[in-house]
file input30.pdb (PDB, C-alpha atoms and all ligand atoms)
ATOM      1  CA  MET A   1     -25.090 -11.070  -2.581
ATOM      2  CA  ASN A   2     -21.859  -9.843  -1.040
ATOM      3  CA  GLU A   3     -19.954 -11.133   1.992
ATOM      4  CA  PHE A   4     -21.434  -8.580   4.396
ATOM      5  CA  ASP A   5     -25.033  -9.232   3.295
ATOM      6  CA  LEU A   6     -24.446 -12.941   3.904
ATOM      7  CA  ILE A   7     -22.984 -12.294   7.359
ATOM      8  CA  GLY A   8     -26.076 -10.174   8.086
ATOM      9  CA  LEU A   9     -28.280 -13.159   7.278
ATOM     10  CA  LEU A  10     -26.293 -15.638   9.351
ATOM     11  CA  THR A  11     -25.449 -13.783  12.552
ATOM     12  CA  PRO A  12     -28.801 -12.760  14.102
ATOM     13  CA  ASN A  13     -29.852 -14.976  17.015
ATOM     14  CA  LEU A  14     -26.626 -16.949  17.195
ATOM     15  CA  ALA A  15     -26.475 -19.362  20.099
ATOM     16  CA  THR A  16     -24.655 -17.795  23.022
ATOM     17  CA  ASN A  17     -23.786 -18.372  26.656
ATOM     18  CA  LYS A  18     -22.299 -16.454  29.534
ATOM     19  CA  SER A  19     -18.719 -16.797  28.209
ATOM     20  CA  VAL A  20     -19.397 -14.532  25.205
ATOM     21  CA  VAL A  21     -18.528 -10.900  26.021
ATOM     22  CA  VAL A  22     -18.373  -9.755  22.359
ATOM     23  CA  GLY A  23     -19.714 -12.037  19.607
ATOM     24  CA  ALA A  24     -19.689 -11.787  15.815
ATOM     25  CA  GLY A  25     -19.023  -8.325  14.393
ATOM     26  CA  ASP A  26     -15.636  -7.282  15.750
ATOM     27  CA  ASP A  27     -12.102  -8.303  14.773
ATOM     28  CA  CYS A  28     -12.118 -11.153  17.330
ATOM     29  CA  ALA A  29     -14.673 -12.714  19.606
ATOM     30  CA  VAL A  30     -14.082 -11.779  23.261
ATOM     31  CA  LEU A  31     -14.667 -14.486  25.854
ATOM     32  CA  ASP A  32     -14.713 -14.520  29.633
ATOM     33  CA  VAL A  33     -13.601 -17.994  30.699
ATOM     34  CA  GLY A  34     -13.043 -17.120  34.340
ATOM     35  CA  ILE A  35      -9.358 -16.115  34.206
ATOM     36  CA  PRO A  36      -9.095 -13.307  36.768
ATOM     37  CA  GLY A  37      -8.530  -9.938  35.080
ATOM     38  CA  GLN A  38      -8.224 -11.457  31.602
ATOM     39  CA  TRP A  39     -10.397 -12.055  28.578
ATOM     40  CA  LEU A  40      -9.717 -14.555  25.825
ATOM     41  CA  LEU A  41      -9.677 -13.441  22.175
ATOM     42  CA  PHE A  42     -10.830 -16.041  19.658
ATOM     43  CA  LYS A  43     -10.399 -15.739  15.887
ATOM     44  CA  THR A  44     -10.623 -17.888  12.779
ATOM     45  CA  ASP A  45      -9.612 -17.016   9.248
ATOM     46  CA  ALA A  46      -9.241 -18.864   5.927
ATOM     47  CA  LEU A  47      -7.176 -18.440   2.772
ATOM     48  CA  VAL A  48      -8.270 -20.036  -0.484
ATOM     49  CA  ALA A  49      -6.035 -20.656  -3.517
ATOM     50  CA  GLY A  50      -7.025 -18.411  -6.394
ATOM     51  CA  ILE A  51      -8.717 -15.892  -4.072
ATOM     52  CA  HIS A  52      -6.142 -14.922  -1.435
ATOM     53  CA  PHE A  53      -3.016 -16.191  -3.144
ATOM     54  CA  THR A  54      -2.023 -17.335  -6.633
ATOM     55  CA  GLU A  55      -0.392 -20.549  -7.804
ATOM     56  CA  VAL A  56       2.934 -18.768  -8.129
ATOM     57  CA  ALA A  57       2.940 -17.408  -4.551
ATOM     58  CA  PRO A  58       5.776 -19.029  -2.549
ATOM     59  CA  PRO A  59       4.201 -21.522  -0.097
ATOM     60  CA  GLU A  60       6.258 -20.204   2.869
ATOM     61  CA  LYS A  61       4.637 -16.819   2.339
ATOM     62  CA  ILE A  62       1.160 -18.338   2.103
ATOM     63  CA  GLY A  63       1.694 -19.993   5.502
ATOM     64  CA  HIS A  64       3.050 -16.727   6.887
ATOM     65  CA  LYS A  65       0.041 -14.808   5.597
ATOM     66  CA  ALA A  66      -2.469 -17.311   6.970
ATOM     67  CA  LEU A  67      -1.191 -16.914  10.524
ATOM     68  CA  ALA A  68      -0.381 -13.198  10.167
ATOM     69  CA  ARG A  69      -4.007 -12.422   9.268
ATOM     70  CA  CYS A  70      -5.225 -14.003  12.509
ATOM     71  CA  LEU A  71      -2.555 -12.210  14.536
ATOM     72  CA  SER A  72      -3.485  -8.908  12.881
ATOM     73  CA  ASP A  73      -7.035  -9.327  14.188
ATOM     74  CA  ILE A  74      -5.683 -10.049  17.678
ATOM     75  CA  ALA A  75      -3.596  -6.853  17.313
ATOM     76  CA  ALA A  76      -6.776  -4.938  16.444
ATOM     77  CA  MET A  77      -8.073  -5.935  19.908
ATOM     78  CA  ALA A  78      -4.735  -4.919  21.511
ATOM     79  CA  GLY A  79      -4.266  -8.551  22.549
ATOM     80  CA  THR A  80      -1.379 -10.956  22.946
ATOM     81  CA  PRO A  81      -1.600 -14.130  20.843
ATOM     82  CA  LEU A  82      -1.363 -17.416  22.676
ATOM     83  CA  SER A  83      -1.811 -20.429  20.421
ATOM     84  CA  ALA A  84      -3.295 -21.516  17.107
ATOM     85  CA  LEU A  85      -4.760 -24.519  15.265
ATOM     86  CA  VAL A  86      -4.137 -25.082  11.553
ATOM     87  CA  THR A  87      -6.704 -26.705   9.234
ATOM     88  CA  LEU A  88      -5.577 -27.695   5.744
ATOM     89  CA  ALA A  89      -7.848 -28.872   2.942
ATOM     90  CA  LEU A  90      -5.753 -30.234   0.080
ATOM     91  CA  PRO A  91      -6.388 -31.688  -3.382
ATOM     92  CA  ARG A  92      -5.676 -35.441  -3.610
ATOM     93  CA  ASP A  93      -2.535 -34.869  -5.677
ATOM     94  CA  PHE A  94      -0.959 -32.485  -3.132
ATOM     95  CA  GLN A  95       2.814 -32.260  -2.910
ATOM     96  CA  ALA A  96       4.225 -32.835   0.547
ATOM     97  CA  GLU A  97       7.063 -30.386  -0.106
ATOM     98  CA  TYR A  98       4.598 -27.598  -0.849
ATOM     99  CA  VAL A  99       2.656 -28.240   2.350
ATOM    100  CA  GLN A 100       5.845 -28.503   4.416
ATOM    101  CA  ALA A 101       6.953 -25.154   2.999
ATOM    102  CA  MET A 102       3.624 -23.575   4.059
ATOM    103  CA  TYR A 103       4.262 -24.928   7.534
ATOM    104  CA  ARG A 104       7.754 -23.419   7.565
ATOM    105  CA  GLY A 105       6.144 -20.024   7.013
ATOM    106  CA  ILE A 106       3.638 -20.636   9.811
ATOM    107  CA  LYS A 107       6.304 -21.881  12.227
ATOM    108  CA  ALA A 108       8.681 -18.990  11.613
ATOM    109  CA  LEU A 109       6.011 -16.372  12.299
ATOM    110  CA  ALA A 110       4.700 -18.330  15.297
ATOM    111  CA  ALA A 111       8.217 -18.443  16.772
ATOM    112  CA  ARG A 112       8.686 -14.719  16.187
ATOM    113  CA  PHE A 113       5.565 -13.854  18.201
ATOM    114  CA  GLU A 114       5.813 -16.772  20.662
ATOM    115  CA  VAL A 115       2.602 -18.374  19.433
ATOM    116  CA  GLY A 116       2.099 -22.098  20.098
ATOM    117  CA  ILE A 117       0.873 -24.194  17.175
ATOM    118  CA  ALA A 118      -1.238 -26.510  19.288
ATOM    119  CA  GLY A 119      -2.537 -28.867  16.597
ATOM    120  CA  GLY A 120      -4.825 -28.900  13.597
ATOM    121  CA  GLU A 121      -6.672 -30.931  11.013
ATOM    122  CA  THR A 122      -6.051 -32.093   7.461
ATOM    123  CA  THR A 123      -8.745 -32.995   4.984
ATOM    124  CA  THR A 124      -9.342 -33.253   1.259
ATOM    125  CA  ASN A 125     -10.705 -30.582  -1.066
ATOM    126  CA  PRO A 126     -11.155 -31.588  -4.714
ATOM    127  CA  ASP A 127      -9.619 -28.760  -6.673
ATOM    128  CA  ARG A 128      -7.726 -26.297  -4.554
ATOM    129  CA  VAL A 129      -5.779 -25.613  -1.376
ATOM    130  CA  LEU A 130      -7.564 -24.048   1.577
ATOM    131  CA  ILE A 131      -5.759 -23.101   4.771
ATOM    132  CA  SER A 132      -7.661 -21.983   7.836
ATOM    133  CA  ILE A 133      -6.175 -20.917  11.149
ATOM    134  CA  ALA A 134      -7.958 -20.401  14.449
ATOM    135  CA  ALA A 135      -6.073 -18.465  17.114
ATOM    136  CA  LEU A 136      -6.489 -17.641  20.776
ATOM    137  CA  GLY A 137      -5.113 -14.588  22.503
ATOM    138  CA  THR A 138      -5.500 -12.767  25.779
ATOM    139  CA  VAL A 139      -6.246  -9.195  26.708
ATOM    140  CA  GLU A 140      -6.582  -7.406  30.013
ATOM    141  CA  GLN A 141     -10.284  -7.121  30.917
ATOM    142  CA  GLY A 142     -11.781  -3.844  29.735
ATOM    143  CA  LYS A 143      -8.616  -2.870  27.807
ATOM    144  CA  CYS A 144      -9.785  -4.101  24.463
ATOM    145  CA  PRO A 145     -10.766  -1.397  21.930
ATOM    146  CA  LEU A 146     -13.907  -2.366  20.009
ATOM    147  CA  ARG A 147     -15.248  -1.049  16.714
ATOM    148  CA  SER A 148     -18.140   0.518  18.587
ATOM    149  CA  GLY A 149     -16.234   3.040  20.743
ATOM    150  CA  ALA A 150     -15.504   5.934  18.358
ATOM    151  CA  GLU A 151     -16.773   9.349  19.523
ATOM    152  CA  ALA A 152     -17.517  12.586  17.686
ATOM    153  CA  GLY A 153     -14.405  14.770  17.779
ATOM    154  CA  ASP A 154     -11.955  11.829  17.787
ATOM    155  CA  ALA A 155      -8.916  12.021  15.541
ATOM    156  CA  ILE A 156      -8.552   9.083  13.119
ATOM    157  CA  PHE A 157      -5.094   7.545  12.767
ATOM    158  CA  VAL A 158      -3.593   4.866  10.575
ATOM    159  CA  THR A 159      -0.237   3.085  10.857
ATOM    160  CA  GLY A 160       2.075   2.495   7.910
ATOM    161  CA  GLU A 161       1.296   3.193   4.265
ATOM    162  CA  LEU A 162      -1.748   2.181   2.271
ATOM    163  CA  GLY A 163      -2.569   0.809  -1.148
ATOM    164  CA  GLY A 164      -0.852  -1.497  -3.618
ATOM    165  CA  SER A 165      -0.512  -4.353  -1.130
ATOM    166  CA  LEU A 166      -1.145  -6.935  -3.836
ATOM    167  CA  HIS A 167       2.212  -5.998  -5.382
ATOM    168  CA  GLY A 168       3.886  -7.893  -2.521
ATOM    169  CA  LYS A 169       3.135  -6.630   0.983
ATOM    170  CA  HIS A 170       0.057  -8.866   1.449
ATOM    171  CA  LEU A 171       2.297 -11.954   1.605
ATOM    172  CA  GLU A 172       4.931 -10.461   3.899
ATOM    173  CA  PHE A 173       3.275  -8.100   6.369
ATOM    174  CA  LEU A 174       3.878  -8.269  10.113
ATOM    175  CA  PRO A 175       0.949  -7.915  12.519
ATOM    176  CA  ARG A 176       1.104  -4.677  14.539
ATOM    177  CA  LEU A 177       0.893  -6.434  17.912
ATOM    178  CA  ALA A 178       3.443  -4.440  19.932
ATOM    179  CA  GLU A 179       2.208  -1.176  18.454
ATOM    180  CA  ALA A 180      -1.419  -1.884  19.410
ATOM    181  CA  ARG A 181      -0.573  -2.832  22.995
ATOM    182  CA  TRP A 182       1.611   0.255  23.373
ATOM    183  CA  LEU A 183      -1.235   2.425  22.071
ATOM    184  CA  VAL A 184      -3.782   1.215  24.629
ATOM    185  CA  ASP A 185      -1.214   1.370  27.425
ATOM    186  CA  HIS A 186      -0.427   5.036  26.749
ATOM    187  CA  PHE A 187      -3.433   6.608  25.029
ATOM    188  CA  THR A 188      -7.232   6.519  25.072
ATOM    189  CA  VAL A 189      -7.949   4.333  22.057
ATOM    190  CA  HIS A 190     -11.713   4.586  21.558
ATOM    191  CA  ALA A 191     -12.032   2.239  18.537
ATOM    192  CA  MET A 192      -9.648   0.096  16.513
ATOM    193  CA  ILE A 193      -9.744  -2.251  13.501
ATOM    194  CA  ASP A 194      -7.116  -3.802  11.245
ATOM    195  CA  LEU A 195      -7.311  -2.931   7.560
ATOM    196  CA  SER A 196      -8.159  -6.045   5.569
ATOM    197  CA  ASP A 197     -10.775  -4.922   3.035
ATOM    198  CA  GLY A 198      -9.580  -1.363   2.373
ATOM    199  CA  LEU A 199      -9.704   1.835   4.428
ATOM    200  CA  ALA A 200     -13.007   3.148   3.023
ATOM    201  CA  GLY A 201     -14.788  -0.125   3.786
ATOM    202  CA  ASP A 202     -13.121  -0.896   7.114
ATOM    203  CA  LEU A 203     -13.655   2.624   8.480
ATOM    204  CA  ARG A 204     -17.348   2.165   7.698
ATOM    205  CA  HIS A 205     -17.384  -0.794  10.111
ATOM    206  CA  ILE A 206     -16.242   1.557  12.901
ATOM    207  CA  LEU A 207     -18.711   4.273  11.856
ATOM    208  CA  ASN A 208     -21.662   1.864  11.722
ATOM    209  CA  ALA A 209     -20.808   0.186  15.021
ATOM    210  CA  SER A 210     -20.238   3.553  16.739
ATOM    211  CA  HIS A 211     -23.198   5.411  15.115
ATOM    212  CA  VAL A 212     -20.982   8.294  13.996
ATOM    213  CA  GLY A 213     -19.600   9.692  10.726
ATOM    214  CA  ALA A 214     -16.167  10.783   9.544
ATOM    215  CA  GLU A 215     -14.334  13.239   7.348
ATOM    216  CA  LEU A 216     -11.041  12.143   5.779
ATOM    217  CA  PHE A 217      -8.286  14.500   4.562
ATOM    218  CA  SER A 218      -7.233  13.527   1.042
ATOM    219  CA  LYS A 219      -3.854  15.236   1.244
ATOM    220  CA  SER A 220      -2.906  13.427   4.463
ATOM    221  CA  MET A 221      -3.420   9.937   3.030
ATOM    222  CA  PRO A 222      -0.200   7.900   3.515
ATOM    223  CA  VAL A 223      -0.055   6.422   0.015
ATOM    224  CA  SER A 224       2.396   3.548  -0.412
ATOM    225  CA  ARG A 225       5.230   3.606  -2.902
ATOM    226  CA  ALA A 226       3.748   0.476  -4.505
ATOM    227  CA  ALA A 227       0.468   2.297  -5.209
ATOM    228  CA  LYS A 228       2.295   5.358  -6.594
ATOM    229  CA  LEU A 229       4.495   3.225  -8.847
ATOM    230  CA  ALA A 230       1.509   1.239 -10.113
ATOM    231  CA  ALA A 231      -0.301   4.468 -11.028
ATOM    232  CA  ARG A 232       2.767   5.708 -12.898
ATOM    233  CA  ARG A 233       3.343   2.380 -14.686
ATOM    234  CA  GLU A 234      -0.164   1.438 -15.768
ATOM    235  CA  SER A 235      -2.594   3.985 -17.142
ATOM    236  CA  SER A 236      -5.473   1.719 -16.055
ATOM    237  CA  ALA A 237      -4.312   1.670 -12.405
ATOM    238  CA  LYS A 238      -6.255   3.555  -9.750
ATOM    239  CA  PRO A 239      -5.085   7.061  -8.846
ATOM    240  CA  PRO A 240      -2.811   6.632  -5.773
ATOM    241  CA  VAL A 241      -5.158   8.200  -3.187
ATOM    242  CA  ARG A 242      -8.018   6.037  -4.416
ATOM    243  CA  ALA A 243      -5.758   2.954  -4.136
ATOM    244  CA  ALA A 244      -4.931   3.935  -0.535
ATOM    245  CA  LEU A 245      -8.654   4.277   0.223
ATOM    246  CA  THR A 246      -9.896   1.119  -1.426
ATOM    247  CA  ASP A 247      -7.139  -1.469  -1.935
ATOM    248  CA  GLY A 248      -7.476  -4.383   0.493
ATOM    249  CA  GLU A 249      -4.935  -6.350   2.515
ATOM    250  CA  ASP A 250      -2.927  -3.497   4.047
ATOM    251  CA  PHE A 251      -3.125  -5.052   7.550
ATOM    252  CA  GLU A 252      -2.354  -1.741   9.217
ATOM    253  CA  LEU A 253      -4.148  -0.456  12.322
ATOM    254  CA  LEU A 254      -6.928   2.123  11.965
ATOM    255  CA  PHE A 255      -7.968   3.697  15.272
ATOM    256  CA  THR A 256      -9.459   6.764  16.919
ATOM    257  CA  VAL A 257      -8.332   8.753  19.957
ATOM    258  CA  PRO A 258      -9.691  11.968  21.504
ATOM    259  CA  SER A 259      -8.320  14.891  19.478
ATOM    260  CA  ARG A 260      -6.682  16.431  22.573
ATOM    261  CA  GLU A 261      -4.270  13.450  22.604
ATOM    262  CA  ALA A 262      -3.393  13.625  18.903
ATOM    263  CA  VAL A 263      -0.280  15.835  19.007
ATOM    264  CA  ASN A 264       1.225  14.031  21.971
ATOM    265  CA  LEU A 265       0.522  10.675  20.328
ATOM    266  CA  LEU A 266       2.397  11.669  17.156
ATOM    267  CA  ASP A 267       5.390  12.856  19.237
ATOM    268  CA  GLU A 268       5.548   9.753  21.420
ATOM    269  CA  TRP A 269       4.972   7.402  18.487
ATOM    270  CA  LYS A 270       8.021   8.806  16.648
ATOM    271  CA  LYS A 271      10.199   8.030  19.653
ATOM    272  CA  GLN A 272       8.726   4.566  20.163
ATOM    273  CA  PHE A 273       8.376   3.363  16.550
ATOM    274  CA  PRO A 274      10.700   5.531  14.438
ATOM    275  CA  ASP A 275      10.525   3.172  11.461
ATOM    276  CA  LEU A 276       6.744   3.012  11.169
ATOM    277  CA  ARG A 277       4.728   5.933   9.922
ATOM    278  CA  LEU A 278       1.678   7.092  11.878
ATOM    279  CA  THR A 279      -0.714   9.529  10.204
ATOM    280  CA  CYS A 280      -3.769  11.464  11.305
ATOM    281  CA  ILE A 281      -6.092  11.040   8.311
ATOM    282  CA  GLY A 282      -9.338  12.587   9.504
ATOM    283  CA  LYS A 283     -11.830  13.147  12.261
ATOM    284  CA  ILE A 284     -14.966  11.515  13.601
ATOM    285  CA  SER A 285     -18.161  13.598  13.396
ATOM    286  CA  SER A 286     -21.596  13.207  14.931
ATOM    287  CA  GLN A 287     -23.072  13.562  11.425
ATOM    288  CA  PRO A 288     -23.462  10.078   9.896
ATOM    289  CA  GLY A 289     -21.720   9.264   6.603
ATOM    290  CA  LEU A 290     -18.188   9.259   5.252
ATOM    291  CA  THR A 291     -16.801  12.288   3.428
ATOM    292  CA  ILE A 292     -13.406  13.274   2.073
ATOM    293  CA  ARG A 293     -11.910  16.760   1.912
ATOM    294  CA  ASP A 294      -9.655  17.613  -1.038
ATOM    295  CA  GLU A 295      -8.627  20.786  -2.920
ATOM    296  CA  THR A 296     -12.128  21.075  -4.359
ATOM    297  CA  GLY A 297     -14.062  20.776  -1.096
ATOM    298  CA  VAL A 298     -15.815  18.100   0.950
ATOM    299  CA  LYS A 299     -17.635  15.274  -0.848
ATOM    300  CA  PRO A 300     -19.233  11.968   0.050
ATOM    301  CA  LEU A 301     -16.759   9.107  -0.226
ATOM    302  CA  THR A 302     -18.485   6.604  -2.462
ATOM    303  CA  ALA A 303     -15.402   4.506  -3.232
ATOM    304  CA  ASP A 304     -16.152   1.268  -1.448
ATOM    305  CA  GLY A 305     -13.693  -1.098   0.173
ATOM    306  CA  TYR A 306     -12.876  -4.353  -1.553
ATOM    307  CA  VAL A 307     -15.789  -6.779  -1.219
ATOM    308  CA  HIS A 308     -15.011 -10.479  -1.546
ATOM    309  CA  PHE A 309     -18.172 -11.745  -3.244
ATOM    310  CA  GLN A 310     -19.533 -10.292  -6.466
ATOM    311  CA  LYS A 311     -22.947  -8.706  -6.312
ATOM    312  CA  SER A 312     -25.468 -10.812  -8.227
TER     313      SER A 312
HETATM  314 MG    MG A 401      -9.999  -7.515  11.097
END

call {"tool": "encode", "arguments": {"input": "input30.pdb", "output": "structure tokens"}}
result
Amino acid sequence: MNEFDLIGLLTPNLATNKSVVVGAGDDCAVLDVGIPGQWLLFKTDALVAGIHFTEVAPPEKIGHKALARCLSDIAAMAGTPLSALVTLALPRDFQAEYVQAMYRGIKALAARFEVGIAGGETTTNPDRVLISIAALGTVEQGKCPLRSGAEAGDAIFVTGELGGSLHGKHLEFLPRLAEARWLVDHFTVHAMIDLSDGLAGDLRHILNASHVGAELFSKSMPVSRAAKLAARRESSAKPPVRAALTDGEDFELLFTVPSREAVNLLDEWKKQFPDLRLTCIGKISSQPGLTIRDETGVKPLTADGYVHFQKS
């Protein structure tokens, strides 16, 4: 059973109350706690040694990544992060220096985005380190793009470059918070998600939630240098476009806007964020399914995003 099948078993009929505006199934939960004009965003995320980072990963970067993943989900809702709680589960023989270094990474990123670290919890885990962060953010009521808002005819955009993140970027990325807020302030963002499992898989979340399909343009794919170099270096590596479509942990924003806004968006983006690429990679269609257009025509995109659990 994979991660998404398990979530499908666990999430029906969850307890709820009148605070829950959007529950499980988007990048963050959205809560109405009675703040006039504002919603709260609520997110939790965990990193496990051996799965999300290796023993040789510098602990500062592990701490950075743990918080950055939460903030990336708040960015996907066009929110502003507020504060976070840190839970650590450590083997009995943990080294204080290692844990302090993880905290340095958390603190530095928190300071950069003015996030309060409001407390946490430490506990024991027999054989490996686990770090889990829960974060709160705010967003103006009704200004929060969900996965379910994509419409036929929308242009699909992605920030940055994709693929090959495991060669380094996954430990160093910065959440696209300012970019996301600027987007919703200036354009009609119908749907948005951050890329954690790979473009082909994450786009499917938007398509399923919005009951639409999409066609991607192979030649437009913004393939990262890391993915191109890997393909050149190792004959067993994925072809670069396939890496861009299926590698996980890019933490870029994937979003849709009405196609009439596409040209203006590209122009304004270049002025606002000259150092970050923005690419139109496809279009939303009313026909369900995900296809890709390349030199040889249009074909179904079967390449799946990275799935955390093995199928059994
Ligand atoms: Mg996400």

call {"tool": "closest_residue", "arguments": {"input": "input30.pdb", "among": "A:Ser165, A:Ser285, A:Ser220, A:Thr87", "to": "A:Ala243", "atoms": "all atoms listed in the file"}}
result
A:Ser165

call {"tool": "axis_aligned_box", "arguments": {"input": "input30.pdb", "around": "stretch 14-24 of chain A", "padding_each_side": "3 Å", "output": "JSON"}}
result
{"center_x": -22.5, "center_y": -14.6, "center_z": 22.7, "size_x": 14.3, "size_y": 15.6, "size_z": 19.7}

call {"tool": "closest_atom_pairs", "arguments": {"input": "input30.pdb", "of": "chain A", "to": "ligand MG 401 (chain A)", "cutoff": "7 Å", "atoms": "all atoms listed in the file", "output": "JSON lines"}}
result
{"residue": "A:Asp27", "atom": "CA", "partner": "A:MG401", "partner_atom": "MG", "distance": 4.3}
{"residue": "A:Ser72", "atom": "CA", "partner": "A:MG401", "partner_atom": "MG", "distance": 6.9}
{"residue": "A:Asp73", "atom": "CA", "partner": "A:MG401", "partner_atom": "MG", "distance": 4.7}
{"residue": "A:Ala76", "atom": "CA", "partner": "A:MG401", "partner_atom": "MG", "distance": 6.8}
{"residue": "A:Ile193", "atom": "CA", "partner": "A:MG401", "partner_atom": "MG", "distance": 5.8}
{"residue": "A:Asp194", "atom": "CA", "partner": "A:MG401", "partner_atom": "MG", "distance": 4.7}
{"residue": "A:Leu195", "atom": "CA", "partner": "A:MG401", "partner_atom": "MG", "distance": 6.4}
{"residue": "A:Ser196", "atom": "CA", "partner": "A:MG401", "partner_atom": "MG", "distance": 6.0}

call {"tool": "resolve_selection", "arguments": {"input": "input30.pdb", "expression": "the PyMOL selection byres (((chain A and resi 198-215) around 7) and not hetatm)", "output": "MDAnalysis selection string"}}
result
chainID A and resid 147:150 152 195:197 216:217 245:249 282:293 303:306

call {"tool": "resolve_selection", "arguments": {"input": "input30.pdb", "expression": "the PyMOL selection byres (((chain A and resi 50) around 12) and not hetatm)", "output": "number ranges by chain"}}
result
A: 47-49, 51-57, 62, 127-130

call {"tool": "residues_around", "arguments": {"input": "input30.pdb", "residues": "A:Gly116", "least_positions_apart": "4", "cutoff": "10 Å", "atoms": "all atoms listed in the file", "output": "ChimeraX atom specification"}}
result
/A:81-85,107,110-111,135-136

call {"tool": "closest_atom_pairs", "arguments": {"input": "input30.pdb", "of": "stretch 63-89 of chain A", "to": "stretch 177-183 of chain A", "cutoff": "7 Å", "atoms": "only C-alpha atoms", "output": "CSV"}}
result
residue,atom,partner,partner_atom,distance
A:Ala75,CA,A:Leu177,CA,4.5
A:Ala76,CA,A:Ala180,CA,6.8
A:Ala78,CA,A:Arg181,CA,4.9
A:Gly79,CA,A:Arg181,CA,6.8

call {"tool": "atom_distance", "arguments": {"input": "input30.pdb", "atom1": "atom CA of A:Ile35", "atom2": "atom CA of A:Asn17"}}
result
16.4 Å

call {"tool": "residues_near_point", "arguments": {"input": "input30.pdb", "point": "(2.0, -29.7, 2.3)", "cutoff": "12 Å", "atoms": "all atoms listed in the file", "output": "MDAnalysis selection string"}}
result
chainID A and resid 59:60 62:63 87:106 122:124 129:131

call {"tool": "atom_distance", "arguments": {"input": "input30.pdb", "atom1": "atom CA of A:Val184", "atom2": "atom CA of A:Pro258"}}
result
12.7 Å

call {"tool": "closest_residue", "arguments": {"input": "input30.pdb", "among": "A:Asp185, A:Asp267, A:Asp275, A:Glu161", "to": "A:Asp250", "atoms": "all atoms listed in the file"}}
result
A:Glu161

call {"tool": "atom_distance", "arguments": {"input": "input30.pdb", "atom1": "atom CA of A:Gly23", "atom2": "atom CA of A:Phe42"}}
result
9.7 Å

call {"tool": "closest_residue", "arguments": {"input": "input30.pdb", "among": "A:Met221, A:Leu276, A:Val189, A:Leu67", "to": "A:Glu261", "atoms": "all atoms listed in the file"}}
result
A:Val189

call {"tool": "closest_residue", "arguments": {"input": "input30.pdb", "among": "A:Ala15, A:Leu71, A:Ala262, A:Ala244", "to": "A:Glu114", "atoms": "all atoms listed in the file"}}
result
A:Leu71

call {"tool": "closest_residue", "arguments": {"input": "input30.pdb", "among": "A:Val86, A:Phe113, A:Ser132, A:Trp269", "to": "A:Asp45", "atoms": "only C-alpha atoms"}}
result
A:Ser132

call {"tool": "closest_residue", "arguments": {"input": "input30.pdb", "among": "A:Ala66, A:Leu278, A:Ala237, A:Ile117", "to": "A:Val263", "atoms": "all atoms listed in the file"}}
result
A:Leu278

call {"tool": "resolve_selection", "arguments": {"input": "input30.pdb", "expression": "the PyMOL selection byres (((chain A and resi 138) around 7) and not hetatm)", "output": "ChimeraX atom specification"}}
result
/A:38-41,79-82,137,139-140
